[in-house]
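Take a look at the structure below.
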Amino acid sequence: MKINIKENNKNVSEFNLLYDLVGWKAYDERISKIALDHTFYSVSVYDEDKIIGYGRLIGDTICFIYIQDVMVRPEYQSQKIGTLIMNTLLAKIKVLKKDNPSLRVYLGASKGKEKFYEKFGFIRRIDANLGYGMILY
Ligand SMILES: CC(C)(COP(=O)(O)OP(=O)(O)OC[C@H]1O[C@@H](n2cnc3c(N)ncnc32)[C@H](O)[C@@H]1OP(=O)(O)O)[C@@H](O)C(=O)NCCC(=O)NCCS
């Protein structure tokens with residue numbers, strides 16, 4: 001494996017490919033393009049030139065940030081690629097926090113993936129007496 005990382009690559013077909021491979025069913029290209037255009041930071045991971053992982057940050061960059069779309073190509077899972085993606089996103093967040101130490105970072109874990117995020121210090125909101133995160137379907 002020859003891993004390399006690109007920041008802020010807005011390649012719609014790679015993004016959609018990973019979406020399909022992890023079983024999320026990709027958006028139309030038009031929609032993915034708008035989503036990536038409005039993403040302020042992303043990390044794409046490659047084995048040679050094959051896309052194998054991705055994660056992105058959305059939000060206002062100073063008060064509220066969301067980690068979204070952390071995805072690892074199935075045959076590359078459990079080999080710390082997800083960890084590499086999270087550590088890269090968290091390194092970026094650390095820099096942003098210098099500007100505003102009380103910046104808040106959110107994510108919505110897929111069911112069953114909570115333990116992965118707990119490894120990076122994320123907690124289930126209810127455990128901190130914060131009330132549930134809520135969502136409009
Ligand atoms: C979740 C995902 C990003 C993890 O990436 P990965 O490269 O397989 O994870 P890593 O190899 O870096 O694992 C890091 C640690 O998290 C743990 N972990 C990974 N996935 C886990 C899961 N589903 N449940 C519990 N623990 C998990 C690993 O056991 C490992 O623990 P260790 O450090 O004690 O060995 C990846 O499996 C994936 O893309 N899944 C499909 C898409 C998805 O559901 N993304 C999350 C959206 S919220």
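Identifiers in this document derive from the order of the structure tokens: chains are assigned A, B, ..., residues are numbered from 1 separately in each chain, and ligands are numbered from 1 in order of occurrence.
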
message: Please return as a ChimeraX atom specification the residues found within 10 Å of ligand 1, counting only C-alpha atoms and all ligand atoms.
response: /A:18-19,21-24,52-55,67-87,107-120

message: Just list as number ranges by chain whatever in stretch 3-135 of chain A DSSP marks as alpha helix (DSSP H).
response: A: 12-21, 29-37, 81-97, 114-118

message: Using Å and a single decimal, report how far atom CA of A:Lys10 sits from atom CA of A:Glu29.
response: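 Interatomic distance, atom CA of A:Glu29 to atom CA of A:Lys10: 11.8 Å.
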
field: Exercise: A:Asp28 partners within 12 Å, only C-alpha atoms, chain neighbours under 5 positions left out, as a VMD selection string
entry: chain A and resid 12 to 13 15 to 17 19 to 20 33 to 35

Nearest-residue call for A:Tyr46, choices A:Asn9, A:Asn129, A:Asn4, A:Asn100, using only C-alpha atoms: A:Asn4

Nearest to A:Ala91, chosen from A:Arg124, A:Leu57, A:Glu48, A:Gly133, with only C-alpha atoms counted in the distances: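 Among A:Arg124, A:Leu57, A:Glu48, A:Gly133, it is A:Leu57 that comes nearest to A:Ala91.
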
- request: List every residue of chain A that DSSP, applied to the backbone of this structure, assigns to strand (DSSP E or B), and report them as a PyMOL selection string.
  value: chain A and resi 3-7+41-47+50-59+64-72+104-107

field: Point-to-point distance from atom CA of A:Leu136 to atom CA of A:Ser42, Å rounded to tenths
entry: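 Those two atoms sit 25.2 Å apart.
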
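If you look at atom CA of A:Leu90 and atom CA of A:Ile31, they are 26.2 Å away from each other.
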